[in-house]
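Q: Please find one structure pasted underneath; my questions will follow.
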Amino acid sequence: MNFYRSLLNGAGSPREMTQAVGTHRRDFLRSITGATAGAALFSLAPLRALALPRTRKVVVVTFGGGARDEETFMPEGQENIPHLLNELIPQSTFFTQVVNRGILGHYVATASLATGVYETFNNFAAVPPDNPTVFEYFRRELKRPASDAWVVAPSNGFNRIGESDHRGYGRGLGAGVILPKRLLAAALSSAGEGQYEHLLRDNYETPLYTPELSGNEIELRQMAEILKLSVSDFTAHARSLASPDELSVYIARQLMRQLAPSLLWITLHDIDIAHSGAYSLYIEGIQRSDRLCAEIWNTIQSDPEYAGKTTLFILPDFGRDSDNDAGGNGFQHHRTGDPLSRTTWMMVLGPGIRQNVVIDRAVESVDLVPTLGSVLGFSAQLSHGNPISEVS
Amino acid sequence: MLPAELTPESFASYPPLARQLASSHVSLLQQLPLSFLPLLLREVIAYDWKFPAERRDLDNQFSYLTALSRDQVAQAMAPFARLHVSDDLIRFDWLNSPQQFSEKLTAHLWASHQIDAFRSASIEYISKLNAATPQAAPPTHRLGIAIVGQGVGENKYPLFRKLRPQGVYFTNVQPENGCRILLDTVAARAAAQPLPFGHWYIDGGSNEPIPASVTSVCYTSLTPVRTTLVDKMRRVMQPGGGGPEVLRTMLASMRPEDLGMTGWGDTAVLNRFQISILTEGSGTQLFSTTFVQWSAREVLRRAQPLTLLARFAPRVREQSMRELLAGNRQATTPDPRGSLVDADMGSYYTWINQQRLPGADQARFLVWFEGHREALAIGPNLSRGAVEANPTDLKGIVDRLA
């Protein structure tokens with residue numbers, strides 16, 4: 001009876017456990033940052049402390065493959081996230097409980113984040129979301145061109161995340177999708193540099209390589225035109241990087257420099273090497289993601305197109321299994337559906353966002369899209385979530 | 001097919017012991033809902049290759065269920081019966097392919113937002129089962145041993161941080177002949193308490209000599225099997241090969257003979273176990289540290305041994321993107337330092353998994369940094385959160401654990 005015998009150790013109700021997870025983060029953050037409880041501020045201060053700029057931009061960074069509190073916010077994990085703790089959290093409104101009630105698979109969960117609806121398609125299929133994405137709401141309602149919404153993502157199926165197949169939205173209204181690893185593989189192949197199939201590995205649950213995809217991601221020749229980046233420069237820079245996520249952030253910077261999109265979505269994925277069971281590699285992935293988040297924020301602050309008018313959202317798509325749930329294997333997976341694997345966090349930074357504030361109340365993953373709508377000025381009418389008042 | 005349509009003949013394709021077990025409980029099986037029954041059959045169909053402890057657990061479960069009246073069975077199964085099962089699942093051959101059914105059921109429960117209800121139903125059911133069929137204490141205390149850090153010279157990584165609150169951290173252990181001392185300890189326990197699959201030795205490198213009374217699993221000796229398996233998996237995942245869904249089906253139906261393993265009796269049981277490690281565990285095919293950790297977890301969960309020694313060895317180094325692009329395909333370069341970190345966490349998980357077994361309050365655990373002076377021991381006779389700097393050796397620590 002392994003399938004359910006192993007589930008026995010889940011003490012307390014899911015809601016109680018979720019609250020406990022959030023409480024840990026709240027207490028810890030307050031102890032290190034002196035952060036203020038958001039609820040206490042509501043009655044004392046206006047929601048927006050600063051005048052908002054007219055032209056807003058949003059950058060969303062998600063982690064495909066969550067990091068647990070033990071390796072991040074708990075005392076023994078602090079050493080892994082110095083940038084988040086010391087640089088970003090003091091400038092952010094931090095939500096301690098972001099609950100994902102959907103399927104805990106990376107593509108489908110990221111798609112759910114992008115649509116505001118818990119999508120239910122096969123996580124391993126290269127299919128578009130069923131419901132309109134944030135990019136479609138943004139472009140249709142605000143009449144924005146295709147160049148104003150972009151996704152930079154790992155390869156596994158994410159080529160379809162920019163655009164749904166919803167009848168009322170869909171075709172021609174979505175975001176451009178860049179899959180840097182696939183571009184790199186194509187660049188190397190076109191240069192006759194042999195096979196680099198390991199670069200395409202992005203499902204760490206098995207020692208596999210991504211099958212061929214057919215989607216709407218940009219191709220190699222388009223990259224040169226859109227990013228003003230030659231194939232040779234691209235591959236030369238890639239040779240200096242340690243991981244696919246570094247390549248993604250490099251591409252994102254090129255996008256920001258050349259097109260300055262108002263809605264940019266970056267999905268990091270290095271942490272998900274945890275599925276291989278190698279704890280040291282999982283930790284390295286966390287440390288790299290921590291550094292890259294700070295680099296993205298610094299890029300925003302130093303680019304005139306973005307500085308002072310950009311809101312940055314950072315959140316894992318979900319968590320990972322706890323050590324104490326016998327149905328899982330600790331950090332390695334996110335299969336149990338236990339509260340720790342469903343509960344994650346979010347930090348929001350930018351103009352009008354109160355700094356050093358911790359919000360304890362639970363919000364849901366599907367609340368992101370309507371919140372982005374409030375920030376950018378569109379309605380996500382088919383989303384199942386609600387705008388998060390503390391940052392809307 | 002619906003459960004109510006089951007007959008003794010329905011299990012004709014099951015292996016002999018499984019067929020006997022299922023056929024003798026048909027009237028019970030007919031009462032179980034489709035969100036539960038195939039999961040039970042998934043265990044039944046593998047009965048012939050299960051460890052003694054697993055068979056005992058399954059027998060106990062049937063005893064528990066058959067002792068219930070029809071109304072009580074319905075009551076116990078009500079939370080499962082309330083789950084909606086799709087028509088596709090009803091039509092699926094869950095009788096003969098319960099493993100594949102469970103994969104599809106899992107996906108269905110997630111997609112239909114019923115996974116939490118299933119989880120709650122499972123917890124409630126197992127609580128009642130455990131209360132009705134308390135497991136007996138083992139004939140002697142359990143002993144888990146982990147050896148970590150093979151090949152590491154100087155080390156600055158703080159070891160055993162998660163385990164230190166549970167026991168004594170020894171900082172001045174004579175390392176000489178340490179592996180042999182621990183292997184001999186396992187062998188002596190196997191001789192004193194001879195039980196089939198009751199004493200295990202798992203090695204992430206090459207096995208050291210040990211008596212046949214200790215069940216032995218070795219990463220290196222499985223290299224041909226691993227290579228064959230990975231080749232098969234890659235073929236499926238190449239364009240036109242079928243993709244992840246086909247891969248899962250292939251892995252679920254993989255048999256030892258498909259990978260060149262043969263044998264009867266206990267050998268067949270062990271072969272099945274090793275195949276399950278390689279087909280159900282993520283990363284076990286590639287990283288020896290993951291292989292050892294997952295094997296230890298599965299041994300503890302399934303065989304419930306009295307003694308387990310898990311020796312971690314260096315896994316291959318994960319190459320960075322720049323190294324891959326530079327053409328440095330040094331796939332076999334070891335990573336001792338990273339492996340030490342992996343093994344440190346792996347030893348913690350091994351202790352956790354041992355503590356889930358009956359007799360946890362009397363269980364002992366020892367982890368040693370191979371070739372070095374650091375060790376940590378946990379047992380009912382030892383202090384918690386203590387540090388000892390006095391000179392000792394592993395024999396001395398083992399004696400204190402006895």
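Residue numbering restarts at 1 for every chain of the structure tokens, chains are lettered A, B, ... in their displayed order, and ligands are numbered from 1 as they appear.
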Name the residues in contact with stretch 170-177 of chain A at a cut-off of 10 Å, using only C-alpha atoms, excluding same-chain residues fewer than 5 positions from it; report them as a PyMOL selection string.
A: chain A and resi 128-140+143-153+158-165+215-219+263-265
Q: Write out as a list in words the residues lying within 6 Å of stretch 372-376 of chain B, counting only C-alpha atoms and excluding same-chain residues fewer than 6 positions away.
A: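 Here the answer would be Val168, Tyr169, Phe170, Thr171, Asn172, Val173, Gln174, Pro175 and Leu366 of chain B.
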Q: Quick check: residues of chain B within 8 Å of chain A, only C-alpha atoms, returned as a ChimeraX atom specification.
A: /B:39-40,43,58,110-113,115-116,119,122-123,126-127,230,233-234,237-239,243-244,282-287,289-290,320-326,338-339,341-342,345,349,352-353
Q: Just the number, please: distance in Å from atom CA of B:Leu6 to atom CA of B:Val26, one decimal.
A: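 Interatomic distance, atom CA of B:Leu6 to atom CA of B:Val26: 6.7 Å.
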Q: Hey, can you check how far atom CA of B:Arg91 sits from atom CA of B:Phe11?
A: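 Atom CA of B:Phe11 lies at a distance of 17.3 Å from atom CA of B:Arg91.
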Q: Could you pull the residues within 8 Å of stretch 209-215 of chain B, counting only C-alpha atoms, minus those fewer than 6 positions along the same chain, as a ChimeraX atom specification?
A: /B:183-184,186-187,190-191,194,196-201
Q: Would you give me, as a CSV table (one decimal) with N, CA and C atoms, in the first residue's frame, the residues in stretch 69-292 of chain B that DSSP reads as helix (DSSP H, G or I)?
A:
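After the write, states.csv holds the following:
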chain,number,residue,atom,x,y,z
B,70,ARG,N,-19.5,-6.2,5.5
B,70,ARG,CA,-19.7,-5.5,4.2
B,70,ARG,C,-20.0,-4.0,4.4
B,71,ASP,N,-20.8,-3.7,5.4
B,71,ASP,CA,-21.0,-2.3,5.7
B,71,ASP,C,-19.8,-1.5,6.2
B,72,GLN,N,-19.0,-2.2,7.0
B,72,GLN,CA,-17.7,-1.6,7.4
B,72,GLN,C,-16.8,-1.4,6.3
B,73,VAL,N,-16.7,-2.3,5.4
B,73,VAL,CA,-15.9,-2.1,4.2
B,73,VAL,C,-16.3,-0.9,3.4
B,74,ALA,N,-17.6,-0.8,3.2
B,74,ALA,CA,-18.2,0.4,2.5
B,74,ALA,C,-17.9,1.7,3.2
B,75,GLN,N,-17.9,1.6,4.5
B,75,GLN,CA,-17.6,2.8,5.3
B,75,GLN,C,-16.1,3.2,5.2
B,76,ALA,N,-15.3,2.1,5.3
B,76,ALA,CA,-13.9,2.4,5.2
B,76,ALA,C,-13.5,2.9,3.8
B,77,MET,N,-14.2,2.5,2.8
B,77,MET,CA,-13.9,2.9,1.4
B,77,MET,C,-14.6,4.1,1.0
B,78,ALA,N,-15.5,4.6,1.8
B,78,ALA,CA,-16.4,5.7,1.3
B,78,ALA,C,-15.6,6.9,0.8
B,79,PRO,N,-14.5,7.4,1.5
B,79,PRO,CA,-13.8,8.5,1.0
B,79,PRO,C,-13.2,8.3,-0.4
B,80,PHE,N,-12.8,7.0,-0.7
B,80,PHE,CA,-12.2,6.7,-2.0
B,80,PHE,C,-13.4,6.6,-3.0
B,81,ALA,N,-14.5,6.0,-2.5
B,81,ALA,CA,-15.6,5.8,-3.5
B,81,ALA,C,-16.2,7.2,-3.9
B,87,ASP,N,-14.2,7.8,-17.3
B,87,ASP,CA,-14.6,6.6,-18.1
B,87,ASP,C,-13.3,6.0,-18.7
B,88,ASP,N,-12.4,6.8,-19.1
B,88,ASP,CA,-11.1,6.2,-19.6
B,88,ASP,C,-10.5,5.2,-18.7
B,89,LEU,N,-10.5,5.7,-17.4
B,89,LEU,CA,-9.8,4.8,-16.4
B,89,LEU,C,-10.7,3.6,-16.1
B,90,ILE,N,-12.0,3.7,-16.2
B,90,ILE,CA,-12.8,2.5,-16.0
B,90,ILE,C,-12.6,1.5,-17.1
B,91,ARG,N,-12.4,2.0,-18.3
B,91,ARG,CA,-12.2,1.1,-19.4
B,91,ARG,C,-10.8,0.5,-19.5
B,98,PRO,N,-2.1,-2.9,-13.3
B,98,PRO,CA,-2.4,-1.9,-12.2
B,98,PRO,C,-1.4,-0.8,-12.0
B,99,GLN,N,-0.1,-1.1,-12.3
B,99,GLN,CA,0.9,-0.1,-12.2
B,99,GLN,C,0.7,1.0,-13.2
B,100,GLN,N,0.4,0.7,-14.4
B,100,GLN,CA,0.1,1.7,-15.4
B,100,GLN,C,-1.2,2.5,-15.0
B,101,PHE,N,-2.1,1.7,-14.5
B,101,PHE,CA,-3.4,2.4,-14.0
B,101,PHE,C,-3.1,3.4,-12.9
B,102,SER,N,-2.2,3.1,-12.0
B,102,SER,CA,-1.9,4.0,-10.9
B,102,SER,C,-1.3,5.3,-11.4
B,103,GLU,N,-0.4,5.2,-12.5
B,103,GLU,CA,0.1,6.4,-13.1
B,103,GLU,C,-1.0,7.2,-13.7
B,104,LYS,N,-1.9,6.6,-14.4
B,104,LYS,CA,-3.0,7.4,-15.0
B,104,LYS,C,-3.9,7.9,-13.9
B,105,LEU,N,-4.2,7.1,-12.9
B,105,LEU,CA,-5.0,7.6,-11.8
B,105,LEU,C,-4.4,8.9,-11.1
B,106,THR,N,-3.1,8.8,-10.9
B,106,THR,CA,-2.4,9.9,-10.3
B,106,THR,C,-2.6,11.2,-11.1
B,107,ALA,N,-2.4,11.0,-12.4
B,107,ALA,CA,-2.5,12.2,-13.3
B,107,ALA,C,-4.0,12.7,-13.3
B,108,HIS,N,-4.9,11.8,-13.3
B,108,HIS,CA,-6.3,12.2,-13.2
B,108,HIS,C,-6.7,12.9,-11.9
B,109,LEU,N,-6.2,12.4,-10.8
B,109,LEU,CA,-6.5,13.0,-9.5
B,109,LEU,C,-5.9,14.4,-9.5
B,110,TRP,N,-4.7,14.6,-10.0
B,110,TRP,CA,-4.1,16.0,-10.1
B,110,TRP,C,-5.0,16.9,-11.0
B,111,ALA,N,-5.2,16.4,-12.2
B,111,ALA,CA,-5.9,17.2,-13.1
B,111,ALA,C,-7.3,17.6,-12.7
B,115,ILE,N,-6.6,15.4,-5.8
B,115,ILE,CA,-5.4,14.7,-5.2
B,115,ILE,C,-5.4,15.0,-3.7
B,116,ASP,N,-5.9,16.2,-3.2
B,116,ASP,CA,-5.9,16.4,-1.8
B,116,ASP,C,-7.0,15.5,-1.1
B,117,ALA,N,-8.1,15.3,-1.8
B,117,ALA,CA,-9.1,14.4,-1.2
B,117,ALA,C,-8.6,13.0,-1.1
B,118,PHE,N,-7.9,12.6,-2.1
B,118,PHE,CA,-7.3,11.3,-2.1
B,118,PHE,C,-6.2,11.1,-1.0
B,119,ARG,N,-5.5,12.2,-0.8
B,119,ARG,CA,-4.4,12.2,0.2
B,119,ARG,C,-5.1,12.0,1.6
B,120,SER,N,-6.2,12.8,1.8
B,120,SER,CA,-6.9,12.7,3.1
B,120,SER,C,-7.5,11.3,3.3
B,121,ALA,N,-8.1,10.8,2.2
B,121,ALA,CA,-8.6,9.4,2.3
B,121,ALA,C,-7.6,8.4,2.7
B,122,SER,N,-6.4,8.6,2.1
B,122,SER,CA,-5.3,7.6,2.3
B,122,SER,C,-4.8,7.7,3.8
B,123,ILE,N,-4.7,8.9,4.3
B,123,ILE,CA,-4.2,9.1,5.6
B,123,ILE,C,-5.2,8.5,6.6
B,124,GLU,N,-6.5,8.7,6.4
B,124,GLU,CA,-7.5,8.1,7.2
B,124,GLU,C,-7.5,6.6,7.2
B,125,TYR,N,-7.4,6.1,6.0
B,125,TYR,CA,-7.4,4.6,5.9
B,125,TYR,C,-6.2,4.0,6.5
B,126,ILE,N,-5.0,4.5,6.3
B,126,ILE,CA,-3.8,3.9,6.9
B,126,ILE,C,-3.8,4.1,8.4
B,127,SER,N,-4.4,5.1,8.9
B,127,SER,CA,-4.5,5.3,10.4
B,127,SER,C,-5.3,4.2,11.0
B,128,LYS,N,-6.4,3.9,10.3
B,128,LYS,CA,-7.3,2.8,10.8
B,128,LYS,C,-6.6,1.4,10.7
B,129,LEU,N,-5.9,1.3,9.6
B,129,LEU,CA,-5.3,0.0,9.3
B,129,LEU,C,-4.2,-0.2,10.4
B,130,ASN,N,-3.4,0.8,10.6
B,130,ASN,CA,-2.3,0.6,11.6
B,130,ASN,C,-2.8,0.4,13.0
B,131,ALA,N,-3.9,1.1,13.3
B,131,ALA,CA,-4.5,0.9,14.6
B,131,ALA,C,-5.0,-0.6,14.8
B,132,ALA,N,-5.5,-1.1,13.7
B,132,ALA,CA,-6.1,-2.5,13.8
B,132,ALA,C,-5.0,-3.5,13.7
B,164,ARG,N,23.2,16.1,14.2
B,164,ARG,CA,23.9,16.3,15.5
B,164,ARG,C,22.9,16.5,16.7
B,165,PRO,N,21.8,17.2,16.5
B,165,PRO,CA,20.9,17.3,17.7
B,165,PRO,C,20.4,15.9,18.2
B,166,GLN,N,20.5,14.9,17.3
B,166,GLN,CA,19.9,13.6,17.7
B,166,GLN,C,20.9,12.7,18.5
B,178,GLY,N,38.5,1.3,9.2
B,178,GLY,CA,37.1,1.7,9.6
B,178,GLY,C,36.1,0.9,8.8
B,179,CYS,N,36.2,0.8,7.4
B,179,CYS,CA,35.2,0.1,6.6
B,179,CYS,C,35.1,-1.3,7.0
B,180,ARG,N,36.3,-1.9,7.3
B,180,ARG,CA,36.2,-3.4,7.6
B,180,ARG,C,35.5,-3.6,8.9
B,181,ILE,N,35.8,-2.7,9.9
B,181,ILE,CA,35.1,-2.8,11.2
B,181,ILE,C,33.6,-2.8,11.0
B,182,LEU,N,33.2,-1.8,10.2
B,182,LEU,CA,31.7,-1.7,10.0
B,182,LEU,C,31.1,-2.8,9.2
B,183,LEU,N,31.8,-3.3,8.2
B,183,LEU,CA,31.3,-4.5,7.4
B,183,LEU,C,31.3,-5.7,8.3
B,184,ASP,N,32.3,-5.9,9.1
B,184,ASP,CA,32.3,-7.0,10.1
B,184,ASP,C,31.1,-6.9,11.1
B,185,THR,N,30.8,-5.7,11.4
B,185,THR,CA,29.7,-5.5,12.3
B,185,THR,C,28.4,-6.0,11.7
B,186,VAL,N,28.2,-5.6,10.4
B,186,VAL,CA,27.0,-6.1,9.7
B,186,VAL,C,27.0,-7.6,9.6
B,187,ALA,N,28.1,-8.2,9.2
B,187,ALA,CA,28.2,-9.6,9.1
B,187,ALA,C,27.9,-10.3,10.4
B,188,ALA,N,28.4,-9.8,11.5
B,188,ALA,CA,28.2,-10.4,12.8
B,188,ALA,C,26.7,-10.4,13.2
B,189,ARG,N,26.0,-9.3,12.8
B,189,ARG,CA,24.6,-9.2,13.1
B,189,ARG,C,23.8,-10.1,12.2
B,190,ALA,N,24.3,-10.3,11.0
B,190,ALA,CA,23.6,-11.2,10.1
B,190,ALA,C,23.7,-12.7,10.6
B,191,ALA,N,24.9,-13.0,11.2
B,191,ALA,CA,25.1,-14.3,11.7
B,191,ALA,C,24.3,-14.5,13.0
B,192,ALA,N,24.2,-13.5,13.7
B,192,ALA,CA,23.4,-13.7,15.0
B,192,ALA,C,21.9,-13.7,14.8
B,220,THR,N,28.5,-0.2,-9.1
B,220,THR,CA,29.4,-0.5,-10.2
B,220,THR,C,29.0,-1.8,-10.9
B,221,SER,N,28.6,-2.8,-10.1
B,221,SER,CA,28.3,-4.1,-10.8
B,221,SER,C,27.0,-4.0,-11.6
B,222,LEU,N,26.3,-3.0,-11.4
B,222,LEU,CA,25.1,-2.8,-12.2
B,222,LEU,C,25.3,-2.0,-13.5
B,223,THR,N,26.5,-1.6,-13.7
B,223,THR,CA,26.8,-0.7,-14.9
B,223,THR,C,26.3,-1.3,-16.2
B,224,PRO,N,26.4,-2.5,-16.5
B,224,PRO,CA,25.9,-3.0,-17.8
B,224,PRO,C,24.3,-2.8,-17.8
B,225,VAL,N,23.7,-3.1,-16.7
B,225,VAL,CA,22.3,-2.9,-16.7
B,225,VAL,C,21.9,-1.5,-16.8
B,226,ARG,N,22.6,-0.6,-16.1
B,226,ARG,CA,22.3,0.8,-16.2
B,226,ARG,C,22.5,1.3,-17.6
B,227,THR,N,23.5,0.9,-18.3
B,227,THR,CA,23.8,1.3,-19.6
B,227,THR,C,22.7,0.9,-20.6
B,228,THR,N,22.3,-0.3,-20.5
B,228,THR,CA,21.3,-0.8,-21.3
B,228,THR,C,20.0,-0.1,-21.1
B,229,LEU,N,19.7,0.2,-19.8
B,229,LEU,CA,18.4,0.9,-19.5
B,229,LEU,C,18.4,2.3,-20.1
B,230,VAL,N,19.5,3.0,-19.8
B,230,VAL,CA,19.6,4.4,-20.3
B,230,VAL,C,19.5,4.5,-21.8
B,231,ASP,N,20.1,3.5,-22.5
B,231,ASP,CA,20.0,3.5,-24.0
B,231,ASP,C,18.5,3.3,-24.4
B,232,LYS,N,17.8,2.4,-23.7
B,232,LYS,CA,16.4,2.2,-24.1
B,232,LYS,C,15.6,3.5,-23.8
B,233,MET,N,15.9,4.1,-22.7
B,233,MET,CA,15.2,5.3,-22.4
B,233,MET,C,15.4,6.4,-23.4
B,234,ARG,N,16.7,6.6,-23.8
B,234,ARG,CA,17.0,7.6,-24.8
B,234,ARG,C,16.3,7.3,-26.1
B,235,ARG,N,16.2,6.1,-26.5
B,235,ARG,CA,15.6,5.8,-27.8
B,235,ARG,C,14.1,6.2,-27.7
B,236,VAL,N,13.5,5.9,-26.6
B,236,VAL,CA,12.1,6.3,-26.5
B,236,VAL,C,11.9,7.8,-26.6
B,237,MET,N,12.9,8.5,-26.0
B,237,MET,CA,12.7,10.0,-25.9
B,237,MET,C,13.2,10.7,-27.2
B,243,GLY,N,8.0,9.4,-26.6
B,243,GLY,CA,7.9,10.4,-25.6
B,243,GLY,C,7.7,9.9,-24.2
B,244,PRO,N,7.4,10.9,-23.3
B,244,PRO,CA,7.4,10.6,-21.9
B,244,PRO,C,6.3,9.5,-21.5
B,245,GLU,N,5.1,9.6,-22.2
B,245,GLU,CA,4.1,8.6,-21.8
B,245,GLU,C,4.5,7.2,-22.1
B,246,VAL,N,5.1,7.0,-23.3
B,246,VAL,CA,5.6,5.7,-23.7
B,246,VAL,C,6.7,5.3,-22.7
B,247,LEU,N,7.5,6.2,-22.4
B,247,LEU,CA,8.6,5.9,-21.5
B,247,LEU,C,8.1,5.4,-20.2
B,248,ARG,N,7.1,6.0,-19.6
B,248,ARG,CA,6.6,5.6,-18.3
B,248,ARG,C,6.0,4.2,-18.4
B,249,THR,N,5.3,3.9,-19.5
B,249,THR,CA,4.7,2.6,-19.7
B,249,THR,C,5.9,1.6,-19.8
B,250,MET,N,6.9,1.9,-20.5
B,250,MET,CA,8.0,1.0,-20.7
B,250,MET,C,8.7,0.7,-19.4
B,251,LEU,N,8.9,1.7,-18.6
B,251,LEU,CA,9.6,1.5,-17.3
B,251,LEU,C,8.8,0.7,-16.4
B,252,ALA,N,7.5,1.0,-16.4
B,252,ALA,CA,6.6,0.2,-15.5
B,252,ALA,C,6.5,-1.3,-15.8
B,256,PRO,N,13.5,-7.8,-15.2
B,256,PRO,CA,15.0,-8.1,-15.1
B,256,PRO,C,15.6,-8.7,-16.4
B,257,GLU,N,14.9,-9.6,-17.0
B,257,GLU,CA,15.4,-10.3,-18.1
B,257,GLU,C,15.5,-9.4,-19.3
B,258,ASP,N,14.7,-8.3,-19.3
B,258,ASP,CA,14.8,-7.3,-20.4
B,258,ASP,C,16.1,-6.6,-20.4
B,259,LEU,N,16.8,-6.6,-19.2
B,259,LEU,CA,18.0,-5.9,-19.0
B,259,LEU,C,19.2,-6.9,-18.8
B,266,ASP,N,15.4,-16.1,-4.4
B,266,ASP,CA,15.8,-14.9,-3.8
B,266,ASP,C,16.6,-14.0,-4.8
B,267,THR,N,17.3,-14.6,-5.7
B,267,THR,CA,18.0,-13.9,-6.7
B,267,THR,C,17.0,-13.1,-7.6
B,268,ALA,N,15.9,-13.7,-7.9
B,268,ALA,CA,14.9,-13.1,-8.7
B,268,ALA,C,14.2,-11.9,-7.9
B,269,VAL,N,14.0,-12.1,-6.7
B,269,VAL,CA,13.5,-11.0,-5.8
B,269,VAL,C,14.4,-9.9,-5.8
B,270,LEU,N,15.7,-10.2,-5.6
B,270,LEU,CA,16.7,-9.1,-5.6
B,270,LEU,C,16.8,-8.4,-7.0
B,271,ASN,N,16.8,-9.2,-8.0
B,271,ASN,CA,16.8,-8.6,-9.4
B,271,ASN,C,15.7,-7.6,-9.6
B,272,ARG,N,14.5,-8.0,-9.2
B,272,ARG,CA,13.3,-7.2,-9.3
B,272,ARG,C,13.5,-5.9,-8.5
B,273,PHE,N,14.1,-6.0,-7.3
B,273,PHE,CA,14.3,-4.8,-6.5
B,273,PHE,C,15.3,-3.9,-7.2
B,274,GLN,N,16.4,-4.4,-7.7
B,274,GLN,CA,17.4,-3.6,-8.4
B,274,GLN,C,16.8,-2.9,-9.6
B,275,ILE,N,16.0,-3.6,-10.3
B,275,ILE,CA,15.3,-3.0,-11.5
B,275,ILE,C,14.4,-1.8,-11.0
B,276,SER,N,13.7,-2.1,-10.0
B,276,SER,CA,12.8,-1.0,-9.5
B,276,SER,C,13.6,0.2,-9.1
B,277,ILE,N,14.8,0.0,-8.5
B,277,ILE,CA,15.6,1.2,-8.1
B,277,ILE,C,16.0,2.0,-9.4
B,278,LEU,N,16.3,1.3,-10.4
B,278,LEU,CA,16.8,2.0,-11.7
B,278,LEU,C,15.6,2.5,-12.5
B,279,THR,N,14.4,1.9,-12.4
B,279,THR,CA,13.3,2.4,-13.2
B,279,THR,C,12.4,3.4,-12.5
B,280,GLU,N,12.4,3.3,-11.2
B,280,GLU,CA,11.5,4.2,-10.4
B,280,GLU,C,12.2,5.4,-9.8
B,288,SER,N,25.8,7.9,-8.6
B,288,SER,CA,26.0,6.9,-7.6
B,288,SER,C,25.4,7.3,-6.2
B,289,THR,N,25.6,8.6,-5.9
B,289,THR,CA,25.1,9.0,-4.6
B,289,THR,C,23.6,8.9,-4.5
B,290,THR,N,22.9,9.2,-5.6
B,290,THR,CA,21.5,9.1,-5.6
B,290,THR,C,21.1,7.6,-5.6
B,291,PHE,N,21.8,6.8,-6.3
B,291,PHE,CA,21.6,5.4,-6.2
B,291,PHE,C,21.6,4.8,-4.8
B,292,VAL,N,22.6,5.2,-4.1
B,292,VAL,CA,22.8,4.7,-2.7
B,292,VAL,C,21.6,5.2,-1.8
Q: So how many Å separate atom CA of B:Pro358 and atom CA of B:Arg400, to one decimal?
A: 21.8 Å
Q: In terms of the shortest atom-to-atom distance over only C-alpha atoms, which of A:Val391, A:Ile266, A:Ala109, A:Leu259 is closest to A:Glu305?
A: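 The shortest atom-to-atom distance to A:Glu305 comes from A:Leu259.
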Q: Find the residues near A:Glu70: any atom within 12 Å, counting only C-alpha atoms, skip ones fewer than 3 places away on the same chain, and give them as an mmCIF file with C-alpha atoms, in the first residue's frame.
A:
data_model
loop_
_atom_site.group_PDB
_atom_site.id
_atom_site.type_symbol
_atom_site.label_atom_id
_atom_site.label_comp_id
_atom_site.auth_asym_id
_atom_site.auth_seq_id
_atom_site.Cartn_x
_atom_site.Cartn_y
_atom_site.Cartn_z
ATOM 1 C CA VAL A 21 4.992 27.404 6.570
ATOM 2 C CA HIS A 24 8.157 30.332 9.654
ATOM 3 C CA ARG A 25 8.989 32.674 6.821
ATOM 4 C CA PHE A 28 12.427 34.575 10.150
ATOM 5 C CA GLY A 66 10.951 25.583 -6.014
ATOM 6 C CA ALA A 67 13.438 25.937 -3.227
ATOM 7 C CA PHE A 73 14.817 31.171 4.605
ATOM 8 C CA MET A 74 15.578 28.961 7.570
ATOM 9 C CA PRO A 75 18.787 29.796 9.470
ATOM 10 C CA GLU A 76 20.785 26.952 7.937
ATOM 11 C CA GLY A 77 19.749 28.022 4.459
ATOM 12 C CA GLN A 78 20.540 31.729 4.709
ATOM 13 C CA GLU A 79 23.999 31.275 3.282
ATOM 14 C CA ASN A 80 22.432 30.206 -0.008
ATOM 15 C CA ILE A 81 20.410 33.360 -0.678
ATOM 16 C CA ILE A 283 22.061 24.028 -3.588
ATOM 17 C CA ILE A 286 19.556 27.995 -5.506
ATOM 18 C CA GLY A 319 7.623 24.263 -3.429
ATOM 19 C CA ARG A 320 9.222 20.874 -2.951
ATOM 20 C CA ASP A 321 8.366 17.945 -0.691
ATOM 21 C CA SER A 322 9.198 18.095 2.979
ATOM 22 C CA ASP A 323 11.652 15.720 4.618
ATOM 23 C CA GLY A 330 12.534 15.296 0.594
ATOM 24 C CA PHE A 331 14.033 17.987 -1.590
ATOM 25 C CA LEU A 340 5.251 22.454 1.801
ATOM 26 C CA LYS B 162 20.923 17.862 10.685
#
Q: Tell me which protein, DNA and RNA residues are within 9 Å of A:Leu84, counting only C-alpha atoms, leaving out same-chain ones fewer than 6 positions away, and put them as an NGL selection string.
A: :A and (90 or 290-291 or 293-294)
Q: Show me, as a PyMOL selection string, the residues that have an atom within 12 Å of A:Phe63 when counting only C-alpha atoms, minus same-chain residues fewer than 5 positions from it.
A: chain A and resi 68+106-107+109-110+113+153-154+245+265-273+285-286+288-290+292-293+313-320+344-346
